[in-house]
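model.txt (compact mmCIF, C-alpha atoms) appears below.
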```
# COMPACT_ATOMS: atom_id res chain seq x y z
CA MET A 1 42.39 -5.93 111.90
CA LEU A 2 45.99 -5.24 110.82
CA ARG A 3 44.95 -5.42 107.17
CA SER A 4 42.07 -3.02 107.81
CA LEU A 5 44.41 -0.58 109.58
CA ALA A 6 46.90 -0.74 106.71
CA GLU A 7 44.30 -0.24 104.01
CA ALA A 8 42.52 2.56 105.88
CA THR A 9 45.78 4.43 106.45
CA ARG A 10 46.73 4.07 102.80
CA GLN A 11 43.30 5.21 101.64
CA ALA A 12 43.40 8.25 103.94
CA ALA A 13 46.82 9.23 102.59
CA HIS A 14 45.59 8.91 99.02
CA GLU A 15 42.61 11.13 99.81
CA HIS A 16 44.69 13.64 101.81
CA GLU A 17 48.15 13.64 100.27
CA TRP A 18 49.59 15.90 102.98
CA LEU A 19 49.06 13.04 105.45
CA ALA A 20 52.00 11.16 103.90
CA ASP A 21 54.30 13.90 105.19
CA LEU A 22 53.08 13.38 108.75
CA LEU A 23 53.20 9.60 108.85
CA GLY A 24 56.08 8.14 110.78
CA GLY A 25 56.53 10.92 113.28
CA ARG A 26 55.30 10.89 116.81
CA PRO A 27 51.77 9.56 116.85
CA GLN A 28 48.82 11.85 117.24
CA LEU A 29 47.00 10.64 120.34
CA GLY A 30 43.57 12.17 119.91
CA PRO A 31 40.37 10.26 120.67
CA HIS A 32 40.09 8.74 117.18
CA ALA A 33 43.70 7.54 117.15
CA LEU A 34 43.33 6.07 120.63
CA ALA A 35 40.09 4.32 119.64
CA THR A 36 41.81 2.85 116.57
CA GLY A 37 44.77 1.76 118.69
CA GLU A 38 42.42 0.15 121.18
CA ALA A 39 40.61 -1.78 118.45
CA VAL A 40 43.87 -3.02 116.93
CA VAL A 41 45.37 -4.09 120.26
CA ALA A 42 42.11 -5.72 121.36
CA ALA A 43 42.02 -7.71 118.12
CA LEU A 44 45.52 -8.98 118.94
CA ASP A 45 44.49 -10.27 122.36
CA ASP A 46 45.86 -13.75 121.60
CA VAL A 47 49.31 -12.33 120.77
CA ASP A 48 52.01 -12.20 123.45
CA VAL A 49 51.81 -8.76 125.02
CA ASP A 50 55.50 -8.10 124.29
CA ALA A 51 54.96 -8.78 120.57
CA ILE A 52 51.95 -6.51 120.05
CA MET A 53 53.76 -3.20 119.58
CA PRO A 54 56.52 -4.66 117.32
CA VAL A 55 53.82 -6.26 115.15
CA VAL A 56 51.83 -3.03 114.87
CA ALA A 57 55.05 -1.08 114.26
CA ALA A 58 56.03 -3.45 111.44
CA VAL A 59 52.69 -2.99 109.69
CA ASN A 60 52.82 0.77 110.19
CA ALA A 61 56.38 0.91 108.82
CA TYR A 62 55.33 -1.02 105.72
CA VAL A 63 52.34 1.24 105.12
CA ILE A 64 54.34 4.42 105.69
CA GLY A 65 57.01 3.32 103.23
CA ALA A 66 54.51 2.24 100.59
CA VAL A 67 52.41 5.39 100.94
CA ARG A 68 55.40 7.70 100.80
CA ARG A 69 56.66 5.96 97.66
CA GLU A 70 53.23 6.20 96.02
CA ILE A 71 52.79 9.87 96.93
CA ALA A 72 56.34 10.65 95.77
CA GLU A 73 55.45 9.08 92.41
CA ARG A 74 52.31 11.24 92.17
CA ARG A 75 54.32 14.34 92.97
CA ALA A 76 57.03 13.46 90.45
CA GLU A 77 54.40 12.94 87.78
CA ARG A 78 52.87 16.35 88.48
CA ALA A 79 56.28 18.06 88.61
CA THR A 80 57.59 16.52 85.38
CA GLY A 81 54.39 15.96 83.45
CA MET A 82 55.66 12.43 82.85
CA ASP A 83 53.73 9.44 84.20
CA GLU A 84 55.59 6.38 85.46
CA LYS A 85 55.30 4.48 82.18
CA ARG A 86 56.76 7.39 80.17
CA TRP A 87 59.53 7.83 82.73
CA GLN A 88 60.37 4.13 82.53
CA ALA A 89 60.34 4.29 78.72
CA SER A 90 62.72 7.25 78.82
CA LEU A 91 65.16 5.13 80.83
CA GLY A 92 64.83 2.16 78.49
CA PRO A 93 67.85 2.86 76.25
CA TYR A 94 70.12 3.53 79.26
CA LEU A 95 69.00 0.34 81.01
CA GLU A 96 69.43 -1.74 77.85
CA ARG A 97 73.00 -0.48 77.42
CA THR A 98 73.76 -1.05 81.09
CA PHE A 99 72.21 -4.52 81.20
CA ALA A 100 74.09 -5.46 78.01
CA THR A 101 77.32 -5.22 80.03
CA GLY A 102 76.27 -8.32 81.95
CA ARG A 103 76.97 -6.69 85.32
CA PHE A 104 73.36 -6.88 86.50
CA PRO A 105 71.89 -10.18 85.26
CA ALA A 106 69.39 -10.72 88.07
CA LEU A 107 68.09 -7.17 87.88
CA ALA A 108 67.91 -7.34 84.09
CA THR A 109 65.76 -10.47 84.32
CA VAL A 110 63.35 -8.85 86.73
CA VAL A 111 63.08 -5.63 84.73
CA ARG A 112 62.54 -7.48 81.46
CA ASP A 113 60.48 -10.48 82.54
CA ALA A 114 58.56 -9.72 85.72
CA ALA A 115 55.01 -8.41 85.70
CA HIS A 116 55.02 -4.69 86.31
CA LEU A 117 52.22 -4.39 88.81
CA ASP A 118 50.34 -1.23 89.62
CA ALA A 119 50.57 0.37 93.06
CA ASP A 120 47.44 -1.39 94.37
CA HIS A 121 48.70 -4.88 93.51
CA THR A 122 52.20 -4.12 94.72
CA PHE A 123 50.84 -2.84 98.05
CA ARG A 124 48.58 -5.83 98.58
CA ILE A 125 51.22 -8.43 97.73
CA GLY A 126 53.74 -6.78 100.05
CA LEU A 127 51.15 -6.54 102.82
CA ASP A 128 50.22 -10.21 102.32
CA CYS A 129 53.88 -11.20 102.67
CA LEU A 130 54.25 -9.18 105.85
CA LEU A 131 51.01 -10.43 107.42
CA ASP A 132 51.84 -14.04 106.49
CA GLY A 133 55.19 -13.64 108.24
CA ILE A 134 53.57 -12.11 111.31
CA GLU A 135 51.02 -14.92 111.43
CA ALA A 136 53.75 -17.57 111.16
CA ARG A 137 55.76 -15.87 113.89
CA ILE A 138 52.94 -15.49 116.40
CA SER A 139 51.59 -18.98 115.69
CA ARG A 140 54.76 -20.60 117.03
```

Using the file provided, produce a representation of the structure as structure tokens.
Amino acid sequence: MLRSLAEATRQAAHEHEWLADLLGGRPQLGPHALATGEAVVAALDDVDVDAIMPVVAAVNAYVIGAVRREIAERRAERATGMDEKRWQASLGPYLERTFATGRFPALATVVRDAAHLDADHTFRIGLDCLLDGIEARISR
């Protein structure tokens, strides 16, 4: 249920970009939001009652951060006319000079050698990590 909530919230924000600006504030407590909250809490019925809201808050915080980053990237692309790949390429010479100093070896390795995943893969891997941690914590 937590995965479904995360993916549905992300999808809604991608379809209605303005939603990203509202996420994270005081919750809207209309009938749909309450019904969603009820379904999520009911699905967590085997979780200690004191852990339910922190667990839901952690998933919401992850989704809000990911969605805001993704929407900010969309907005930057529209404002500059430069997609993420072109922006990264424009920074290439600066990063190469900076990394050549040897001051940032771990970061240089990641930038040069790691797979550069798209937003969908990045979101899902991060969500998997979070949900795995939640599962481990509540299984104790």

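When all atoms listed in the file are used to compute distances to A:Asp118, the closest of the residues A:Ala136, A:Lys85, A:Leu29, A:Glu77 turns out to be A:Lys85.
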
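Pairwise distance (atom CA of A:Ala61, atom CA of A:Glu84) equals 24.0 Å.
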
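Counting only C-alpha atoms, A:Val67 has the following residues at most 10 Å away, ignoring those fewer than 5 positions along the same chain: Thr9, Arg10, Gln11, Ala12, Ala13, His14, Glu17, Leu19, Ala20, Asp21, Leu23, Ala61, Tyr62, Ala72, Glu73, Ala119 and Phe123 of chain A.
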
Could you please take those selected residues and save C-alpha atoms as a tab-separated table (two decimals), in the coordinates of the input?
```tsv
chain	number	residue	atom	x	y	z
A	9	THR	CA	45.78	4.43	106.45
A	10	ARG	CA	46.73	4.07	102.80
A	11	GLN	CA	43.30	5.21	101.64
A	12	ALA	CA	43.40	8.25	103.94
A	13	ALA	CA	46.82	9.23	102.59
A	14	HIS	CA	45.59	8.91	99.02
A	17	GLU	CA	48.15	13.64	100.27
A	19	LEU	CA	49.06	13.04	105.45
A	20	ALA	CA	52.00	11.16	103.90
A	21	ASP	CA	54.30	13.90	105.19
A	23	LEU	CA	53.20	9.60	108.85
A	61	ALA	CA	56.38	0.91	108.82
A	62	TYR	CA	55.33	-1.02	105.72
A	72	ALA	CA	56.34	10.65	95.77
A	73	GLU	CA	55.45	9.08	92.41
A	119	ALA	CA	50.57	0.37	93.06
A	123	PHE	CA	50.84	-2.84	98.05
```

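Of the residues under consideration (A:Ala76, A:Ile125, A:Val111, A:Leu2), A:Val111 shows the shortest atom-to-atom contact distance to A:Glu96 when counting only C-alpha atoms.
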
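Take atom CA of A:Met1 and atom CA of A:His116: the distance between them is 28.6 Å.
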
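Residue nearest A:Arg137 within the list A:Ala51, A:Arg103, A:Ala114, A:Arg69: A:Ala51 [criterion: smallest interatomic distance, all atoms listed in the file].
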
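Distances to A:Glu70 were evaluated for A:Gly102, A:Trp87, A:Pro93, A:Asp120 using all atoms listed in the file, and the minimum falls at A:Asp120.
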
### Task
Within 12 Å of A:Ala43, counting all atoms listed in the file, which residues show up once you throw out same-chain ones fewer than 4 positions away? Write them as a PyMOL selection string, please.
chain A and resi 1-5+36-39+47+52+56

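You will find atom CA of A:Gly24 at 6.5 Å from atom CA of A:Ile64.
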
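Between A:Cys129 and the residues A:Ala58, A:Arg68, A:Leu44, A:Arg112, the shortest atom-to-atom distance, using all atoms listed in the file, involves A:Ala58.
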
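Counting all atoms listed in the file and comparing A:Val55, A:Val40, A:Asp48, A:Glu15, the residue that lies closest to A:Leu131 is A:Val55.
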
### Selection as a count of residues only: residues within 10 Å of (68.3, -4.0, 81.6), counting only C-alpha atoms
22
